[in-house]
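Novice: The following block contains the structure, expressed as structure tokens.
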Amino acid sequence: MRRVKGGVTAAKGFAAMGVHAGIKKDKRKKDMAMIYSRVPCIAAGTFTTNQVKAAPVLWDQKMIYEQPFAQAVVCNSGVANACTGQEGMKYCEEMAQAAADALGIQKEMVLVTSTGVIGQQLPMDKIVNGITLLAPTLDDTHEGAHMAAQAIMTTDTVPKEIAFSFKIGEHTVKIGGMCKGSGMIHPNMCTMLGFITTDINISKHLLYEALSTDIQDTYNMVSVDGDTSTNDTVLLLANGLAENPKITEKNEDYYEFVKALHAVNEFLCKKIAGDGEGATALFEVKVVGAEYKEQAKVLAKSIVTSSLTKAAIYGHDANWGRILCAMGYSSAKFNPDLVDIYFESKAGKLKIVENGKATDYSEEKATEILSQPEVTAIADLKLGDARATAWGCDLTHEYVSINADYRS
């Protein structure tokens, strides 16, 4: 497996584009994106577990679960189309119909997503205009993918995209993805909006199983602020143009695909966490030496979501007591008198706790390690071989500033 250029257009047959349609006031910011496959795709999706689900989430669930194929995705940023009632659902259908008309496909083959302010109705004149701008300019190069990745951003500071190629027998297969997410990030399936495209030939059942399984160790292990969005969606489209023998069972080919899918998802997760609203550092938490996987996952998420720990990371303060405290109030059982804790970054690795008590570590070295843009905390339970990793970010003054006036 190797990294390649292209994002969502790396796989054969996919094109994409992003434009400014006028939803956002700033004309320099793109606010609509489209992804299109020249042949129908099988599709899988995972969606928010928030009981308040945005209209596009409901639309996409229906299309993916009930329709055999999808061929296009349209996304707008700036307005979430959440808490908008029947009118919001009607606008989803109108959005899909406009894209279908522009692309010459059926509206049931169009998936729609939205992100932005909750409670506002979509400006359909601008949405339709954006679709008419997008369809004829779709680009199958990396430029098209990059512009689409820019168009789905809200409070993100950078576009997030990646692509890999790998071999299945003699066939080269490509997979690429893009996502947006910076705030309201605490998923219980995935996070915010993610779009993954691949030219692999695989059954719909196995495509869904691969995505839903990998979500548990990637998007479900990310938290920026503890808020689960109304719009969380990850869509995976496979058009089969790599022409590999169709994967219909969990064989070696299937696991090669799973490995590539995980690489895409993990990369995007870390980009989301590192770009958390107001963040200055990616905060990675590894729990090792656990008795079983779920124990490690619960502990890792408890640490990475601790506001006090996140604030300490921002202050470059090795306040390890907050980590043990966060572990202690989780639902996972462990022996605190066995725990070792380390901090690690490009500046080095330092054991700060051994068997539940502080080591004679250097505060200066700890501060140096915690001053890097990517910081890892490692908690070793010394109980077994299971492990889990979670991703988050530090908690800064800027996070409050961003969310105090988000609508303006």
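Following the order of the structure tokens, first chain is A, next is B, and so on, with residues numbered from 1 inside each chain and ligands from 1 in the order they appear.
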Please identify every residue of segment 24-114 of chain A that has at least one atom no farther than 9 Å from an atom of segment 150-158 of chain A, counting only C-alpha atoms, and for each give the shortest atom pair and the distance in Å to one decimal, arranged by chain then increasing number, as a Markdown table.
Specialist:
| residue | atom | partner | partner_atom | distance |
| --- | --- | --- | --- | --- |
| A:Lys29 | CA | A:Ala151 | CA | 7.2 |
| A:Lys30 | CA | A:Ala151 | CA | 4.4 |
| A:Asp31 | CA | A:Ala151 | CA | 4.7 |
| A:Met32 | CA | A:Ala151 | CA | 5.3 |
| A:Ala33 | CA | A:Ala151 | CA | 5.6 |
| A:Cys75 | CA | A:Ile152 | CA | 6.8 |
| A:Asn76 | CA | A:Ile152 | CA | 6.6 |
| A:Ser77 | CA | A:Ile152 | CA | 5.4 |
| A:Gly78 | CA | A:Thr154 | CA | 6.7 |
| A:Ser114 | CA | A:Ile152 | CA | 8.5 |
Novice: Give me the residues within 12 Å of Ala311 of chain A as a list of chain:residue names, counting only C-alpha atoms and dropping any in the same chain fewer than 5 places off.
Specialist: A:Asp225, A:Gly278, A:Ala279, A:Thr280, A:Ala281, A:Phe283, A:Ile303, A:Val304, A:Thr305, A:Ser306, A:His316, A:Asp317, A:Ala318, A:Asn319, A:Arg322, A:Ile323, A:Leu370, A:Gly392, A:Cys393, A:Asp394, A:Leu395, A:Thr396, A:His397, A:Glu398, A:Tyr399
Novice: For Thr137 of chain A, which residue among A:Met178, A:Val375, A:Cys269, A:Val19 is the nearest when counting only C-alpha atoms?
Specialist: A:Val19
Novice: Quick check for you: according to DSSP on this backbone, which residues of segment 269-315 of chain A are classed as helix (DSSP H, G or I)? Reply as a PDB file with N, CA and C atoms, in the first residue's frame.
Specialist:
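What ended up in result-v6.pdb:
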ATOM      1  N   CYS A 269      -9.187  10.842  10.828  1.00  0.00           N
ATOM      2  CA  CYS A 269      -9.506  11.045  12.247  1.00  0.00           C
ATOM      3  C   CYS A 269      -8.478  11.936  12.924  1.00  0.00           C
ATOM      4  N   LYS A 270      -7.217  11.656  12.671  1.00  0.00           N
ATOM      5  CA  LYS A 270      -6.156  12.438  13.303  1.00  0.00           C
ATOM      6  C   LYS A 270      -6.166  13.868  12.805  1.00  0.00           C
ATOM      7  N   LYS A 271      -6.531  14.060  11.547  1.00  0.00           N
ATOM      8  CA  LYS A 271      -6.632  15.424  11.011  1.00  0.00           C
ATOM      9  C   LYS A 271      -7.774  16.180  11.677  1.00  0.00           C
ATOM     10  N   ILE A 272      -8.889  15.512  11.921  1.00  0.00           N
ATOM     11  CA  ILE A 272     -10.019  16.151  12.602  1.00  0.00           C
ATOM     12  C   ILE A 272      -9.616  16.548  14.019  1.00  0.00           C
ATOM     13  N   ALA A 273      -9.020  15.612  14.751  1.00  0.00           N
ATOM     14  CA  ALA A 273      -8.636  15.887  16.131  1.00  0.00           C
ATOM     15  C   ALA A 273      -7.620  17.019  16.210  1.00  0.00           C
ATOM     16  N   GLY A 274      -6.629  16.996  15.338  1.00  0.00           N
ATOM     17  CA  GLY A 274      -5.598  18.029  15.361  1.00  0.00           C
ATOM     18  C   GLY A 274      -6.095  19.392  14.937  1.00  0.00           C
ATOM     19  N   LYS A 293     -10.217  -5.444  24.958  1.00  0.00           N
ATOM     20  CA  LYS A 293     -10.266  -4.269  24.089  1.00  0.00           C
ATOM     21  C   LYS A 293     -11.222  -3.204  24.622  1.00  0.00           C
ATOM     22  N   GLU A 294     -12.419  -3.587  25.038  1.00  0.00           N
ATOM     23  CA  GLU A 294     -13.406  -2.605  25.466  1.00  0.00           C
ATOM     24  C   GLU A 294     -12.922  -1.828  26.692  1.00  0.00           C
ATOM     25  N   GLN A 295     -12.232  -2.490  27.576  1.00  0.00           N
ATOM     26  CA  GLN A 295     -11.661  -1.817  28.739  1.00  0.00           C
ATOM     27  C   GLN A 295     -10.690  -0.726  28.291  1.00  0.00           C
ATOM     28  N   ALA A 296      -9.829  -1.054  27.340  1.00  0.00           N
ATOM     29  CA  ALA A 296      -8.859  -0.079  26.834  1.00  0.00           C
ATOM     30  C   ALA A 296      -9.549   1.087  26.142  1.00  0.00           C
ATOM     31  N   LYS A 297     -10.602   0.801  25.376  1.00  0.00           N
ATOM     32  CA  LYS A 297     -11.309   1.865  24.652  1.00  0.00           C
ATOM     33  C   LYS A 297     -11.999   2.829  25.607  1.00  0.00           C
ATOM     34  N   VAL A 298     -12.655   2.303  26.617  1.00  0.00           N
ATOM     35  CA  VAL A 298     -13.354   3.156  27.584  1.00  0.00           C
ATOM     36  C   VAL A 298     -12.368   4.068  28.302  1.00  0.00           C
ATOM     37  N   LEU A 299     -11.243   3.533  28.711  1.00  0.00           N
ATOM     38  CA  LEU A 299     -10.240   4.327  29.421  1.00  0.00           C
ATOM     39  C   LEU A 299      -9.616   5.381  28.521  1.00  0.00           C
ATOM     40  N   ALA A 300      -9.297   5.003  27.276  1.00  0.00           N
ATOM     41  CA  ALA A 300      -8.685   5.961  26.349  1.00  0.00           C
ATOM     42  C   ALA A 300      -9.621   7.129  26.070  1.00  0.00           C
ATOM     43  N   LYS A 301     -10.905   6.832  25.866  1.00  0.00           N
ATOM     44  CA  LYS A 301     -11.864   7.900  25.594  1.00  0.00           C
ATOM     45  C   LYS A 301     -12.105   8.771  26.823  1.00  0.00           C
ATOM     46  N   SER A 302     -12.061   8.175  28.008  1.00  0.00           N
ATOM     47  CA  SER A 302     -12.248   8.960  29.226  1.00  0.00           C
ATOM     48  C   SER A 302     -11.116   9.970  29.396  1.00  0.00           C
ATOM     49  N   ILE A 303      -9.901   9.552  29.089  1.00  0.00           N
ATOM     50  CA  ILE A 303      -8.751  10.459  29.197  1.00  0.00           C
ATOM     51  C   ILE A 303      -8.829  11.554  28.145  1.00  0.00           C
ATOM     52  N   VAL A 304      -9.091  11.170  26.911  1.00  0.00           N
ATOM     53  CA  VAL A 304      -9.027  12.147  25.814  1.00  0.00           C
ATOM     54  C   VAL A 304     -10.159  13.170  25.886  1.00  0.00           C
ATOM     55  N   SER A 307     -11.828  17.440  30.237  1.00  0.00           N
ATOM     56  CA  SER A 307     -11.572  18.875  30.031  1.00  0.00           C
ATOM     57  C   SER A 307     -10.338  19.333  30.803  1.00  0.00           C
ATOM     58  N   LEU A 308     -10.158  18.830  32.001  1.00  0.00           N
ATOM     59  CA  LEU A 308      -8.999  19.232  32.793  1.00  0.00           C
ATOM     60  C   LEU A 308      -7.698  18.728  32.171  1.00  0.00           C
ATOM     61  N   THR A 309      -7.715  17.498  31.663  1.00  0.00           N
ATOM     62  CA  THR A 309      -6.521  16.975  30.995  1.00  0.00           C
ATOM     63  C   THR A 309      -6.231  17.761  29.729  1.00  0.00           C
ATOM     64  N   LYS A 310      -7.275  18.065  28.957  1.00  0.00           N
ATOM     65  CA  LYS A 310      -7.111  18.832  27.720  1.00  0.00           C
ATOM     66  C   LYS A 310      -6.546  20.223  28.014  1.00  0.00           C
ATOM     67  N   ALA A 311      -7.001  20.836  29.106  1.00  0.00           N
ATOM     68  CA  ALA A 311      -6.492  22.149  29.489  1.00  0.00           C
ATOM     69  C   ALA A 311      -5.023  22.059  29.909  1.00  0.00           C
ATOM     70  N   ALA A 312      -4.663  20.965  30.586  1.00  0.00           N
ATOM     71  CA  ALA A 312      -3.271  20.771  30.988  1.00  0.00           C
ATOM     72  C   ALA A 312      -2.363  20.605  29.769  1.00  0.00           C
ATOM     73  N   ILE A 313      -2.857  19.907  28.747  1.00  0.00           N
ATOM     74  CA  ILE A 313      -2.074  19.757  27.510  1.00  0.00           C
ATOM     75  C   ILE A 313      -1.858  21.129  26.872  1.00  0.00           C
ATOM     76  N   TYR A 314      -2.880  21.959  26.887  1.00  0.00           N
ATOM     77  CA  TYR A 314      -2.749  23.323  26.351  1.00  0.00           C
ATOM     78  C   TYR A 314      -1.692  24.107  27.126  1.00  0.00           C
TER      79      TYR A 314
END
Novice: Excluding Arg2 of chain A and residues on its chain fewer than 4 positions from it, collect all residues at most 8 Å away from it, counting only C-alpha atoms, and give them as a list in words.
Specialist: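 Here the qualifying residues turn out to be Phe164, Ser165 and Phe166 of chain A.
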Novice: Can those selected residues be exported to a file as a PDB file, in the first residue's frame so that it contains C-alpha atoms?
Specialist:
ATOM      1  CA  PHE A 164      -3.829   5.206  -1.176  1.00  0.00           C
ATOM      2  CA  SER A 165      -3.309   2.539  -3.818  1.00  0.00           C
ATOM      3  CA  PHE A 166      -2.899  -1.159  -3.132  1.00  0.00           C
TER       4      PHE A 166
END
Novice: Can you work out which one of A:Met124, A:Ala82, A:Val285, A:Ala210 has the shortest atom-to-atom distance to Arg387 of chain A, counting only C-alpha atoms?
Specialist: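 Closest candidate: A:Val285.
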Novice: Can you tell me which residues surround Leu350 of chain A at a distance of at most 12 Å, considering only C-alpha atoms, apart from same-chain residues fewer than 5 positions away, and format the answer as a PyMOL selection string?
Specialist: chain A and resi 318+320+340-345+358-370+375-379
Novice: DSSP on the backbone: which residues in segment 37-234 of chain A end up as strand (DSSP E or B)? Give the answer as a ChimeraX atom specification.
Specialist: /A:37-47,70-79,110-117,139,160-168,171-180,193-198,202,222,233-234
Novice: What separation in Å, quoted to one decimal, exists between atom CA of Tyr36 of chain A and atom CA of Ala15 of chain A?
Specialist: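 It comes out at 5.3 Å.
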Novice: Applying 6 Å and only C-alpha atoms, which residues near segment 235-239 of chain A remain after dropping the ones on its own chain fewer than 4 positions away? List them as a VMD selection string.
Specialist: chain A and resid 41 to 45 195 to 200
Novice: If we count only C-alpha atoms and set the cut-off at 6 Å, which residues sit around segment 95-112 of chain A, ignoring sequence neighbours fewer than 6 positions away in its own chain? Please answer as a compact mmCIF listing (two decimals) with N, CA, C and O atoms, in the first residue's frame.
Specialist:
# COMPACT_ATOMS: atom_id res chain seq x y z
N PRO A 56 -30.86 15.52 5.90
CA PRO A 56 -30.02 14.74 4.98
C PRO A 56 -29.60 13.39 5.53
O PRO A 56 -29.38 12.45 4.75
N ASP A 60 -30.31 10.06 3.37
CA ASP A 60 -29.24 9.14 2.99
C ASP A 60 -29.46 7.74 3.56
O ASP A 60 -29.17 6.74 2.90
N ALA A 70 -25.82 4.09 -5.77
CA ALA A 70 -25.71 5.54 -5.68
C ALA A 70 -24.67 5.97 -6.72
O ALA A 70 -23.81 5.18 -7.12
N GLN A 71 -24.77 7.22 -7.15
CA GLN A 71 -23.82 7.65 -8.18
C GLN A 71 -23.27 9.05 -7.92
O GLN A 71 -22.29 9.45 -8.55
N ALA A 72 -23.88 9.79 -7.01
CA ALA A 72 -23.42 11.16 -6.75
C ALA A 72 -23.68 11.53 -5.30
O ALA A 72 -24.60 11.01 -4.66
N VAL A 73 -22.87 12.46 -4.81
CA VAL A 73 -23.06 13.06 -3.49
C VAL A 73 -23.00 14.57 -3.66
O VAL A 73 -22.10 15.09 -4.33
N VAL A 74 -23.96 15.27 -3.07
CA VAL A 74 -23.95 16.73 -3.07
C VAL A 74 -23.91 17.19 -1.62
O VAL A 74 -24.67 16.69 -0.79
N CYS A 75 -23.04 18.14 -1.34
CA CYS A 75 -22.90 18.63 0.03
C CYS A 75 -22.89 20.15 0.03
O CYS A 75 -22.25 20.78 -0.82
Novice: Can you pull out every residue within 6 Å of Ala16 of chain A, counting only C-alpha atoms, but drop anything in the same chain fewer than 5 positions away, and send it as a list in words?
Specialist: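 Using only C-alpha atoms, the neighbours found are Met34, Ile35, Leu138, Asp139, Gly144 and Ala145 of chain A.
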Novice: Using only C-alpha atoms, find the one residue out of A:Thr213, A:Thr141, A:Thr84, A:Thr233 that sits nearest to Lys259 of chain A.
Specialist: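 Selected residue with least distance to Lys259 of chain A: A:Thr213.
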Novice: Have a look at A:Ile247, A:Ala10, A:Ile215, A:Ala163 and name the one nearest to Ala260 of chain A; count only C-alpha atoms.
Specialist: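 Closest residue, counting only C-alpha atoms: A:Ala163.
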